[in-house]
Each structure stands twice: as C-alpha cells, then as structure tokens.
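*Asks:* Provided herewith is a single structure, encoded as structure tokens, for subsequent inquiry.
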Amino acid sequence: MCVLPLPVSPSPLLTSHLFCVARWNMSITDVLSADDIAAALQECQDPDTFEPQKFFQTSGLSKMSASQVKDVFRFIDNDQSGYLDEDELKFFLQKFQSDARELTESETKSLMAAADNDGDGKIGADGRSAPACSVRHFGRGGTQGGCWDKPLS
C-alpha cells in the first residue's frame with residue numbers, strides 16, 4: 001500500500017509515492033490493445049515457445065513511444081527499483097494477463113541475456129539511459145536510435 005507523505009516542498013520521496021499510487025491504477029490495456037495482448041499470449045502459451053521479439057511485435061510494445069514504454073516498464077517493475085531482474089522476468093507474461101503462464105527458466109534467461117546490455121543481471125538503467133530504454137531497444141529487434149545505435153550482444 002502506498003501512503004502519501006505531506007512534505008513542505010516536492011521531493012523524490014513524494015514523487016515515488018505519487019507514482020506508486022498511479023501505478024496501482026494503471027492497467028496494461030491503458031497502453032496496449034487487449035486483442036493484441038491476447039494474440040501475443042496465444043503465440044507463446046506453451047512452455048519454451050516465448051520469443052521476445054515476436055511477443056513485443058504482436059503485443060504492440062515495439063510500436064510504442066518512449067513514454068509509453070516507460071509506463072509499461074514501471075508496471076512490470078514490481079519493486080520499483082528501476083531494474084528488472086530474473087525474478088520479475090519470470091512473471092513477465094502474467095503482467096499482461098494474470099492467468100498467463102510463468103516463463104520457463106530458459107526463457108527467462110534468454111530474455112535477460114537479450115536485453116541485459118551490460119551483463120549485470122538486470123534490465124534497466126545502466127548509467128547512460130532511462131530504464132525502459134533497454135526494453136524498448138530489445139523490443140525493436142536490437143537497435144533503436146535514441147537508446148543505442150548498436151545491436152545488443
């Protein structure tokens with residue numbers, strides 16, 4: 001539960017709590033089509049069939065603005081750390097539909113390897129970009145001007 005503090009002036013604490021309140025009110029269908037989400041989940045309903053690039057394309061993630069991608073990233077980032085780790089990625093599909101399956105260990109590791117550009121075991125801020133940038137970069141197939149102009153390794 002998020003509780004708003006009553007500071008005299010705006011602070012990072014207030015900002016994070018305001019976002020926390022907004023986060024709980026957000027639905028993934030506020031930014032993505034329910035039909036596109038259903039189609040993307042249908043394509044990977046069986047274990048070991050999740051293909052991140054295909055999911056990002058079918059769901060509409062690859063067509064989103066940077067602002068929309070940040071919103072989705074924050075929605076997926078359970079602990080609001082600014083990073084996605086393997087524990088959060090395991091439940092990636094369930095963020096789109098609560099009864100979706102968990103990613104298998106190999107799918108989780110594959111998604112992490114594809115989007116973790118600095119090898120620290122996290123997807124997100126690496127000191128040179130916004131957290132959602134690596135997700136957007138990955139969703140576009142490995143290159144995205146404005147994030148990095150080189151493919152992910």
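By convention here, the chains of the structure tokens are called A, B, ... in the order presented, each chain's residues are numbered starting at 1, and ligands are numbered starting at 1 in the order presented.
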Do you know which residues are at most 9 Å from Val72 in chain A counting only C-alpha atoms, after dropping those on the same chain fewer than 3 positions away, and could you put them as a PyMOL selection string?

*Replies:* chain A and resi 28+31+61+67-69+75-77+132

*Asks:* Just write the chosen residues, all heavy atoms, as a CSV table (one decimal), in the first residue's frame.

*Replies:*
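That gives us again.csv:
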chain,number,residue,atom,x,y,z
A,28,ILE,N,-2.6,-2.6,-18.0
A,28,ILE,CA,-1.8,-2.7,-19.2
A,28,ILE,C,-2.6,-2.4,-20.4
A,28,ILE,O,-2.0,-1.9,-21.4
A,28,ILE,CB,-1.1,-4.1,-19.3
A,28,ILE,CG1,0.0,-4.2,-20.2
A,28,ILE,CG2,-2.2,-5.2,-19.6
A,28,ILE,CD1,1.2,-3.4,-19.8
A,31,VAL,N,-2.5,1.1,-22.3
A,31,VAL,CA,-1.5,1.4,-23.3
A,31,VAL,C,-1.4,0.4,-24.4
A,31,VAL,O,-0.8,0.7,-25.5
A,31,VAL,CB,-0.1,1.7,-22.7
A,31,VAL,CG1,-0.1,3.0,-21.8
A,31,VAL,CG2,0.4,0.5,-21.8
A,61,LEU,N,4.2,-3.6,-28.2
A,61,LEU,CA,5.2,-3.0,-27.4
A,61,LEU,C,6.3,-2.3,-28.4
A,61,LEU,O,6.8,-1.3,-28.1
A,61,LEU,CB,5.9,-4.0,-26.5
A,61,LEU,CG,5.2,-4.3,-25.2
A,61,LEU,CD1,5.9,-5.5,-24.6
A,61,LEU,CD2,5.2,-3.1,-24.3
A,67,SER,N,7.7,7.2,-23.9
A,67,SER,CA,6.9,7.5,-22.7
A,67,SER,C,6.0,6.3,-22.4
A,67,SER,O,5.9,5.9,-21.2
A,67,SER,CB,6.1,8.7,-22.9
A,67,SER,OG,5.2,8.9,-21.8
A,68,GLN,N,5.4,5.7,-23.4
A,68,GLN,CA,4.5,4.5,-23.1
A,68,GLN,C,5.4,3.3,-22.7
A,68,GLN,O,4.9,2.6,-21.8
A,68,GLN,CB,3.8,4.2,-24.4
A,68,GLN,CG,2.7,5.2,-24.8
A,68,GLN,CD,2.1,4.9,-26.1
A,68,GLN,OE1,2.9,4.6,-27.1
A,68,GLN,NE2,0.8,5.0,-26.2
A,69,VAL,N,6.5,3.1,-23.3
A,69,VAL,CA,7.4,2.0,-22.9
A,69,VAL,C,7.8,2.2,-21.4
A,69,VAL,O,7.8,1.2,-20.7
A,69,VAL,CB,8.6,1.9,-23.8
A,69,VAL,CG1,9.6,0.9,-23.3
A,69,VAL,CG2,8.2,1.5,-25.2
A,75,PHE,N,5.3,-0.7,-14.8
A,75,PHE,CA,4.2,-1.6,-14.5
A,75,PHE,C,4.8,-3.0,-14.2
A,75,PHE,O,4.3,-3.7,-13.3
A,75,PHE,CB,3.2,-1.6,-15.6
A,75,PHE,CG,2.0,-2.5,-15.4
A,75,PHE,CD1,1.0,-2.1,-14.5
A,75,PHE,CD2,1.8,-3.7,-16.0
A,75,PHE,CE1,-0.2,-2.8,-14.3
A,75,PHE,CE2,0.7,-4.5,-15.8
A,75,PHE,CZ,-0.3,-4.1,-14.9
A,76,ILE,N,5.8,-3.4,-15.0
A,76,ILE,CA,6.4,-4.7,-14.8
A,76,ILE,C,7.4,-4.7,-13.7
A,76,ILE,O,7.6,-5.8,-13.0
A,76,ILE,CB,7.1,-5.1,-16.2
A,76,ILE,CG1,6.1,-5.3,-17.3
A,76,ILE,CG2,7.9,-6.3,-16.0
A,76,ILE,CD1,6.7,-5.4,-18.6
A,77,ASP,N,8.0,-3.6,-13.3
A,77,ASP,CA,9.0,-3.5,-12.3
A,77,ASP,C,8.3,-3.5,-10.9
A,77,ASP,O,8.0,-2.5,-10.3
A,77,ASP,CB,9.8,-2.2,-12.5
A,77,ASP,CG,10.9,-2.0,-11.5
A,77,ASP,OD1,11.2,-3.0,-10.8
A,77,ASP,OD2,11.4,-0.9,-11.4
A,132,ALA,N,13.7,2.1,-19.2
A,132,ALA,CA,12.9,1.5,-20.2
A,132,ALA,C,13.6,1.4,-21.6
A,132,ALA,O,13.2,0.7,-22.5
A,132,ALA,CB,11.6,2.3,-20.4

*Asks:* When you draw a straight line from CA of Phe55 in chain A to CA of Leu41 in chain A, how long is it in Å?

*Replies:* 7.6 Å

*Asks:* Excluding Glu102 in chain A and its own-chain neighbours fewer than 3 positions away, which residues fall within 10 Å of it when counting only C-alpha atoms? Please give them as a short mmCIF file (atom, residue, chain, number, x, y, z; two decimals) with all heavy atoms, in the first residue's frame.

*Replies:*
data_model
loop_
_atom_site.label_atom_id
_atom_site.label_comp_id
_atom_site.auth_asym_id
_atom_site.auth_seq_id
_atom_site.Cartn_x
_atom_site.Cartn_y
_atom_site.Cartn_z
N GLN A 45 1.75 -19.68 -25.54
CA GLN A 45 1.05 -20.31 -24.43
C GLN A 45 1.71 -21.59 -23.94
O GLN A 45 1.55 -21.98 -22.79
CB GLN A 45 -0.42 -20.55 -24.78
CG GLN A 45 -0.64 -21.61 -25.84
CD GLN A 45 -2.11 -21.78 -26.15
OE1 GLN A 45 -2.97 -21.20 -25.50
NE2 GLN A 45 -2.40 -22.60 -27.15
N PRO A 47 4.99 -23.94 -22.87
CA PRO A 47 6.35 -23.72 -22.34
C PRO A 47 7.40 -23.76 -23.44
O PRO A 47 7.29 -24.52 -24.41
CB PRO A 47 6.54 -24.89 -21.36
CG PRO A 47 5.15 -25.26 -20.95
CD PRO A 47 4.30 -25.03 -22.18
N LEU A 89 11.22 -11.03 -14.30
CA LEU A 89 11.02 -11.51 -15.67
C LEU A 89 10.27 -12.83 -15.72
O LEU A 89 9.52 -13.08 -16.66
CB LEU A 89 12.36 -11.66 -16.39
CG LEU A 89 13.07 -10.36 -16.76
CD1 LEU A 89 14.36 -10.69 -17.51
CD2 LEU A 89 12.19 -9.46 -17.59
N LYS A 90 10.46 -13.66 -14.72
CA LYS A 90 9.78 -14.96 -14.67
C LYS A 90 8.26 -14.78 -14.79
O LYS A 90 7.57 -15.58 -15.40
CB LYS A 90 10.13 -15.66 -13.36
CG LYS A 90 9.48 -17.00 -13.18
CD LYS A 90 9.91 -17.63 -11.86
CE LYS A 90 9.27 -18.97 -11.66
NZ LYS A 90 9.68 -19.61 -10.40
N PHE A 91 7.75 -13.69 -14.22
CA PHE A 91 6.31 -13.41 -14.23
C PHE A 91 5.90 -12.40 -15.29
O PHE A 91 4.81 -11.83 -15.24
CB PHE A 91 5.88 -12.94 -12.83
CG PHE A 91 6.21 -13.94 -11.76
CD1 PHE A 91 7.29 -13.73 -10.92
CD2 PHE A 91 5.47 -15.10 -11.63
CE1 PHE A 91 7.62 -14.66 -9.95
CE2 PHE A 91 5.79 -16.04 -10.65
CZ PHE A 91 6.87 -15.82 -9.81
N PHE A 92 6.78 -12.17 -16.26
CA PHE A 92 6.57 -11.19 -17.32
C PHE A 92 5.20 -11.34 -18.00
O PHE A 92 4.45 -10.38 -18.12
CB PHE A 92 7.70 -11.31 -18.35
CG PHE A 92 7.60 -10.39 -19.51
CD1 PHE A 92 8.01 -9.07 -19.40
CD2 PHE A 92 7.12 -10.84 -20.73
CE1 PHE A 92 7.93 -8.21 -20.48
CE2 PHE A 92 7.03 -9.98 -21.82
CZ PHE A 92 7.44 -8.66 -21.70
N LEU A 93 4.86 -12.55 -18.42
CA LEU A 93 3.60 -12.78 -19.14
C LEU A 93 2.39 -12.50 -18.25
O LEU A 93 1.35 -12.03 -18.73
CB LEU A 93 3.53 -14.20 -19.71
CG LEU A 93 4.58 -14.57 -20.74
CD1 LEU A 93 4.43 -16.03 -21.15
CD2 LEU A 93 4.51 -13.65 -21.95
N GLN A 94 2.52 -12.78 -16.97
CA GLN A 94 1.40 -12.56 -16.04
C GLN A 94 1.11 -11.08 -15.83
O GLN A 94 0.02 -10.74 -15.36
CB GLN A 94 1.69 -13.25 -14.71
CG GLN A 94 1.70 -14.76 -14.86
CD GLN A 94 2.09 -15.48 -13.59
OE1 GLN A 94 2.45 -14.87 -12.59
NE2 GLN A 94 2.04 -16.80 -13.65
N ASP A 99 -3.68 -14.82 -15.57
CA ASP A 99 -3.66 -16.28 -15.60
C ASP A 99 -2.70 -16.84 -16.65
O ASP A 99 -2.71 -18.04 -16.92
CB ASP A 99 -5.07 -16.85 -15.80
CG ASP A 99 -5.70 -16.46 -17.13
OD1 ASP A 99 -5.16 -15.57 -17.83
OD2 ASP A 99 -6.75 -17.04 -17.47
N GLU A 105 12.62 -21.32 -17.00
CA GLU A 105 13.95 -20.83 -16.63
C GLU A 105 14.76 -20.46 -17.87
O GLU A 105 15.41 -19.42 -17.91
CB GLU A 105 14.69 -21.89 -15.81
CG GLU A 105 16.04 -21.41 -15.32
CD GLU A 105 16.74 -22.41 -14.42
OE1 GLU A 105 16.09 -23.35 -13.92
OE2 GLU A 105 17.96 -22.24 -14.22
N GLU A 107 13.59 -19.58 -20.85
CA GLU A 107 13.01 -18.38 -21.47
C GLU A 107 13.40 -17.12 -20.69
O GLU A 107 13.72 -16.08 -21.29
CB GLU A 107 11.49 -18.49 -21.52
CG GLU A 107 10.97 -19.51 -22.51
CD GLU A 107 9.48 -19.77 -22.36
OE1 GLU A 107 8.96 -19.77 -21.22
OE2 GLU A 107 8.84 -19.98 -23.41
N THR A 108 13.37 -17.22 -19.37
CA THR A 108 13.75 -16.09 -18.52
C THR A 108 15.20 -15.71 -18.77
O THR A 108 15.52 -14.53 -18.96
CB THR A 108 13.52 -16.43 -17.04
OG1 THR A 108 12.15 -16.77 -16.84
CG2 THR A 108 13.88 -15.26 -16.14
#

*Asks:* Please provide as a short mmCIF file (atom, residue, chain, number, x, y, z; two decimals) with N, CA and C atoms, in the first residue's frame all residues within 12 Å of Gln42 in chain A, with the sequence filter that same-chain residues fewer than 6 positions apart are discarded (counting only C-alpha atoms).

*Replies:*
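That gives us out.cif:
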data_model
loop_
_atom_site.label_atom_id
_atom_site.label_comp_id
_atom_site.auth_asym_id
_atom_site.auth_seq_id
_atom_site.Cartn_x
_atom_site.Cartn_y
_atom_site.Cartn_z
N ASP A 35 -6.80 -7.09 -27.51
CA ASP A 35 -6.73 -8.09 -28.58
C ASP A 35 -5.28 -8.42 -28.95
N ASP A 36 -4.43 -7.38 -28.99
CA ASP A 36 -3.01 -7.62 -29.31
C ASP A 36 -2.33 -8.42 -28.20
N THR A 49 8.03 -21.63 -25.75
CA THR A 49 7.64 -21.07 -27.05
C THR A 49 7.69 -19.54 -27.05
N PHE A 50 8.09 -18.94 -25.93
CA PHE A 50 8.18 -17.49 -25.84
C PHE A 50 9.36 -16.97 -26.65
N GLU A 51 9.06 -16.14 -27.63
CA GLU A 51 10.09 -15.48 -28.43
C GLU A 51 9.93 -13.98 -28.18
N LYS A 54 9.09 -11.50 -31.08
CA LYS A 54 7.76 -11.77 -31.63
C LYS A 54 6.69 -11.26 -30.67
N PHE A 55 6.87 -11.51 -29.37
CA PHE A 55 5.91 -11.04 -28.38
C PHE A 55 5.82 -9.52 -28.40
N THR A 58 3.90 -8.52 -31.67
CA THR A 58 2.48 -8.86 -31.68
C THR A 58 1.70 -8.06 -30.65
N SER A 59 2.27 -7.86 -29.48
CA SER A 59 1.57 -7.14 -28.41
C SER A 59 1.48 -5.64 -28.67
N LEU A 93 4.86 -12.55 -18.42
CA LEU A 93 3.60 -12.78 -19.14
C LEU A 93 2.39 -12.50 -18.25
N PHE A 96 0.72 -9.16 -18.25
CA PHE A 96 -0.17 -8.86 -19.36
C PHE A 96 -1.53 -9.53 -19.19
N GLN A 97 -1.54 -10.66 -18.52
CA GLN A 97 -2.78 -11.37 -18.21
C GLN A 97 -2.51 -12.24 -16.99
N ALA A 100 -1.85 -15.99 -17.21
CA ALA A 100 -0.84 -16.47 -18.16
C ALA A 100 0.20 -17.31 -17.42
N ARG A 101 0.91 -18.10 -18.15
CA ARG A 101 1.91 -18.98 -17.54
C ARG A 101 3.15 -18.16 -17.15
#

*Asks:* So which residues touch Asn78 in chain A within 10 Å, counting only C-alpha atoms, skipping near sequence neighbours fewer than 3 positions away, as a PDB file with all heavy atoms, in the first residue's frame?

*Replies:*
ATOM      1  N   ARG A  23       0.668   3.872 -10.262  1.00  0.00           N
ATOM      2  CA  ARG A  23       0.974   2.542 -10.764  1.00  0.00           C
ATOM      3  C   ARG A  23      -0.157   1.569 -10.466  1.00  0.00           C
ATOM      4  O   ARG A  23      -0.511   0.743 -11.279  1.00  0.00           O
ATOM      5  CB  ARG A  23       2.273   2.055 -10.115  1.00  0.00           C
ATOM      6  CG  ARG A  23       2.656   0.669 -10.556  1.00  0.00           C
ATOM      7  CD  ARG A  23       4.003   0.304  -9.943  1.00  0.00           C
ATOM      8  NE  ARG A  23       4.312  -1.056 -10.278  1.00  0.00           N
ATOM      9  CZ  ARG A  23       4.094  -2.085  -9.482  1.00  0.00           C
ATOM     10  NH1 ARG A  23       3.580  -1.911  -8.302  1.00  0.00           N
ATOM     11  NH2 ARG A  23       4.396  -3.302  -9.854  1.00  0.00           N
ATOM     12  N   PHE A  73       7.265  -0.456 -18.502  1.00  0.00           N
ATOM     13  CA  PHE A  73       8.406  -0.902 -17.705  1.00  0.00           C
ATOM     14  C   PHE A  73       8.098  -0.753 -16.221  1.00  0.00           C
ATOM     15  O   PHE A  73       8.308  -1.678 -15.437  1.00  0.00           O
ATOM     16  CB  PHE A  73       9.650  -0.091 -18.072  1.00  0.00           C
ATOM     17  CG  PHE A  73      10.901  -0.574 -17.390  1.00  0.00           C
ATOM     18  CD1 PHE A  73      11.736  -1.479 -18.013  1.00  0.00           C
ATOM     19  CD2 PHE A  73      11.236  -0.125 -16.125  1.00  0.00           C
ATOM     20  CE1 PHE A  73      12.883  -1.931 -17.379  1.00  0.00           C
ATOM     21  CE2 PHE A  73      12.379  -0.570 -15.485  1.00  0.00           C
ATOM     22  CZ  PHE A  73      13.206  -1.481 -16.115  1.00  0.00           C
ATOM     23  N   ARG A  74       7.584   0.389 -15.826  1.00  0.00           N
ATOM     24  CA  ARG A  74       7.254   0.625 -14.415  1.00  0.00           C
ATOM     25  C   ARG A  74       6.171  -0.342 -13.935  1.00  0.00           C
ATOM     26  O   ARG A  74       6.187  -0.777 -12.788  1.00  0.00           O
ATOM     27  CB  ARG A  74       6.804   2.066 -14.223  1.00  0.00           C
ATOM     28  CG  ARG A  74       7.931   3.061 -14.355  1.00  0.00           C
ATOM     29  CD  ARG A  74       7.439   4.484 -14.167  1.00  0.00           C
ATOM     30  NE  ARG A  74       8.481   5.427 -14.469  1.00  0.00           N
ATOM     31  CZ  ARG A  74       8.349   6.446 -15.297  1.00  0.00           C
ATOM     32  NH1 ARG A  74       7.203   6.668 -15.914  1.00  0.00           N
ATOM     33  NH2 ARG A  74       9.354   7.263 -15.516  1.00  0.00           N
ATOM     34  N   PHE A  75       5.252  -0.666 -14.810  1.00  0.00           N
ATOM     35  CA  PHE A  75       4.185  -1.608 -14.478  1.00  0.00           C
ATOM     36  C   PHE A  75       4.763  -3.001 -14.214  1.00  0.00           C
ATOM     37  O   PHE A  75       4.328  -3.708 -13.312  1.00  0.00           O
ATOM     38  CB  PHE A  75       3.175  -1.641 -15.625  1.00  0.00           C
ATOM     39  CG  PHE A  75       1.977  -2.496 -15.367  1.00  0.00           C
ATOM     40  CD1 PHE A  75       0.967  -2.067 -14.509  1.00  0.00           C
ATOM     41  CD2 PHE A  75       1.820  -3.718 -15.993  1.00  0.00           C
ATOM     42  CE1 PHE A  75      -0.152  -2.849 -14.276  1.00  0.00           C
ATOM     43  CE2 PHE A  75       0.702  -4.504 -15.765  1.00  0.00           C
ATOM     44  CZ  PHE A  75      -0.286  -4.072 -14.903  1.00  0.00           C
ATOM     45  N   SER A  81      12.428  -0.664  -8.523  1.00  0.00           N
ATOM     46  CA  SER A  81      13.863  -0.447  -8.365  1.00  0.00           C
ATOM     47  C   SER A  81      14.477   0.270  -9.564  1.00  0.00           C
ATOM     48  O   SER A  81      15.597   0.743  -9.486  1.00  0.00           O
ATOM     49  CB  SER A  81      14.575  -1.785  -8.175  1.00  0.00           C
ATOM     50  OG  SER A  81      14.430  -2.574  -9.353  1.00  0.00           O
ATOM     51  N   GLY A  82      13.746   0.304 -10.666  1.00  0.00           N
ATOM     52  CA  GLY A  82      14.307   0.857 -11.893  1.00  0.00           C
ATOM     53  C   GLY A  82      14.985  -0.212 -12.734  1.00  0.00           C
ATOM     54  O   GLY A  82      15.534   0.070 -13.786  1.00  0.00           O
ATOM     55  N   TYR A  83      14.944  -1.439 -12.251  1.00  0.00           N
ATOM     56  CA  TYR A  83      15.546  -2.576 -12.942  1.00  0.00           C
ATOM     57  C   TYR A  83      14.570  -3.744 -12.954  1.00  0.00           C
ATOM     58  O   TYR A  83      13.744  -3.872 -12.065  1.00  0.00           O
ATOM     59  CB  TYR A  83      16.804  -3.062 -12.202  1.00  0.00           C
ATOM     60  CG  TYR A  83      17.885  -2.054 -12.090  1.00  0.00           C
ATOM     61  CD1 TYR A  83      18.024  -1.281 -10.945  1.00  0.00           C
ATOM     62  CD2 TYR A  83      18.798  -1.876 -13.124  1.00  0.00           C
ATOM     63  CE1 TYR A  83      19.039  -0.354 -10.833  1.00  0.00           C
ATOM     64  CE2 TYR A  83      19.819  -0.952 -13.016  1.00  0.00           C
ATOM     65  CZ  TYR A  83      19.927  -0.196 -11.872  1.00  0.00           C
ATOM     66  OH  TYR A  83      20.932   0.721 -11.766  1.00  0.00           O
ATOM     67  N   LEU A  84      14.725  -4.593 -13.950  1.00  0.00           N
ATOM     68  CA  LEU A  84      14.022  -5.877 -13.951  1.00  0.00           C
ATOM     69  C   LEU A  84      15.071  -6.957 -13.754  1.00  0.00           C
ATOM     70  O   LEU A  84      16.069  -6.992 -14.473  1.00  0.00           O
ATOM     71  CB  LEU A  84      13.297  -6.107 -15.278  1.00  0.00           C
ATOM     72  CG  LEU A  84      12.221  -5.094 -15.660  1.00  0.00           C
ATOM     73  CD1 LEU A  84      11.639  -5.430 -17.024  1.00  0.00           C
ATOM     74  CD2 LEU A  84      11.143  -5.036 -14.612  1.00  0.00           C
ATOM     75  N   ASP A  85      14.850  -7.817 -12.777  1.00  0.00           N
ATOM     76  CA  ASP A  85      15.758  -8.937 -12.558  1.00  0.00           C
ATOM     77  C   ASP A  85      15.060 -10.225 -12.992  1.00  0.00           C
ATOM     78  O   ASP A  85      13.908 -10.203 -13.436  1.00  0.00           O
ATOM     79  CB  ASP A  85      16.226  -8.999 -11.102  1.00  0.00           C
ATOM     80  CG  ASP A  85      15.079  -9.102 -10.109  1.00  0.00           C
ATOM     81  OD1 ASP A  85      13.993  -9.614 -10.466  1.00  0.00           O
ATOM     82  OD2 ASP A  85      15.268  -8.688  -8.954  1.00  0.00           O
ATOM     83  N   ASP A  87      13.806 -12.616 -11.293  1.00  0.00           N
ATOM     84  CA  ASP A  87      12.591 -12.909 -10.526  1.00  0.00           C
ATOM     85  C   ASP A  87      11.388 -12.183 -11.107  1.00  0.00           C
ATOM     86  O   ASP A  87      10.290 -12.738 -11.180  1.00  0.00           O
ATOM     87  CB  ASP A  87      12.767 -12.524  -9.053  1.00  0.00           C
ATOM     88  CG  ASP A  87      13.733 -13.439  -8.324  1.00  0.00           C
ATOM     89  OD1 ASP A  87      13.896 -14.602  -8.748  1.00  0.00           O
ATOM     90  OD2 ASP A  87      14.329 -12.991  -7.331  1.00  0.00           O
ATOM     91  N   GLU A  88      11.576 -10.934 -11.541  1.00  0.00           N
ATOM     92  CA  GLU A  88      10.472 -10.182 -12.141  1.00  0.00           C
ATOM     93  C   GLU A  88      10.180 -10.677 -13.558  1.00  0.00           C
ATOM     94  O   GLU A  88       9.024 -10.764 -13.963  1.00  0.00           O
ATOM     95  CB  GLU A  88      10.806  -8.684 -12.159  1.00  0.00           C
ATOM     96  CG  GLU A  88      10.778  -8.078 -10.765  1.00  0.00           C
ATOM     97  CD  GLU A  88      11.386  -6.704 -10.686  1.00  0.00           C
ATOM     98  OE1 GLU A  88      12.507  -6.498 -11.197  1.00  0.00           O
ATOM     99  OE2 GLU A  88      10.724  -5.831 -10.108  1.00  0.00           O
ATOM    100  N   LEU A  89      11.220 -11.030 -14.298  1.00  0.00           N
ATOM    101  CA  LEU A  89      11.023 -11.507 -15.671  1.00  0.00           C
ATOM    102  C   LEU A  89      10.271 -12.832 -15.716  1.00  0.00           C
ATOM    103  O   LEU A  89       9.524 -13.084 -16.661  1.00  0.00           O
ATOM    104  CB  LEU A  89      12.361 -11.657 -16.389  1.00  0.00           C
ATOM    105  CG  LEU A  89      13.069 -10.364 -16.761  1.00  0.00           C
ATOM    106  CD1 LEU A  89      14.361 -10.688 -17.505  1.00  0.00           C
ATOM    107  CD2 LEU A  89      12.187  -9.461 -17.594  1.00  0.00           C
ATOM    108  N   PHE A  91       7.748 -13.686 -14.225  1.00  0.00           N
ATOM    109  CA  PHE A  91       6.308 -13.413 -14.228  1.00  0.00           C
ATOM    110  C   PHE A  91       5.904 -12.395 -15.292  1.00  0.00           C
ATOM    111  O   PHE A  91       4.813 -11.828 -15.240  1.00  0.00           O
ATOM    112  CB  PHE A  91       5.878 -12.937 -12.833  1.00  0.00           C
ATOM    113  CG  PHE A  91       6.211 -13.938 -11.760  1.00  0.00           C
ATOM    114  CD1 PHE A  91       7.293 -13.732 -10.919  1.00  0.00           C
ATOM    115  CD2 PHE A  91       5.471 -15.098 -11.625  1.00  0.00           C
ATOM    116  CE1 PHE A  91       7.618 -14.658  -9.945  1.00  0.00           C
ATOM    117  CE2 PHE A  91       5.795 -16.039 -10.655  1.00  0.00           C
ATOM    118  CZ  PHE A  91       6.873 -15.823  -9.813  1.00  0.00           C
ATOM    119  N   LYS A  95       2.027 -10.220 -16.178  1.00  0.00           N
ATOM    120  CA  LYS A  95       1.767  -8.781 -16.109  1.00  0.00           C
ATOM    121  C   LYS A  95       0.799  -8.358 -17.209  1.00  0.00           C
ATOM    122  O   LYS A  95       0.143  -7.343 -17.102  1.00  0.00           O
ATOM    123  CB  LYS A  95       3.072  -7.984 -16.218  1.00  0.00           C
ATOM    124  CG  LYS A  95       3.910  -8.074 -14.975  1.00  0.00           C
ATOM    125  CD  LYS A  95       3.141  -7.497 -13.808  1.00  0.00           C
ATOM    126  CE  LYS A  95       4.001  -7.187 -12.637  1.00  0.00           C
ATOM    127  NZ  LYS A  95       3.279  -6.422 -11.628  1.00  0.00           N
TER     128      LYS A  95
END

*Asks:* One decimal, Å: what's the distance from CA of Asp118 in chain A over to CA of Asp79 in chain A, could you say?

*Replies:*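 So the two atoms, CA of Asp118 in chain A and CA of Asp79 in chain A, lie 20.8 Å apart.
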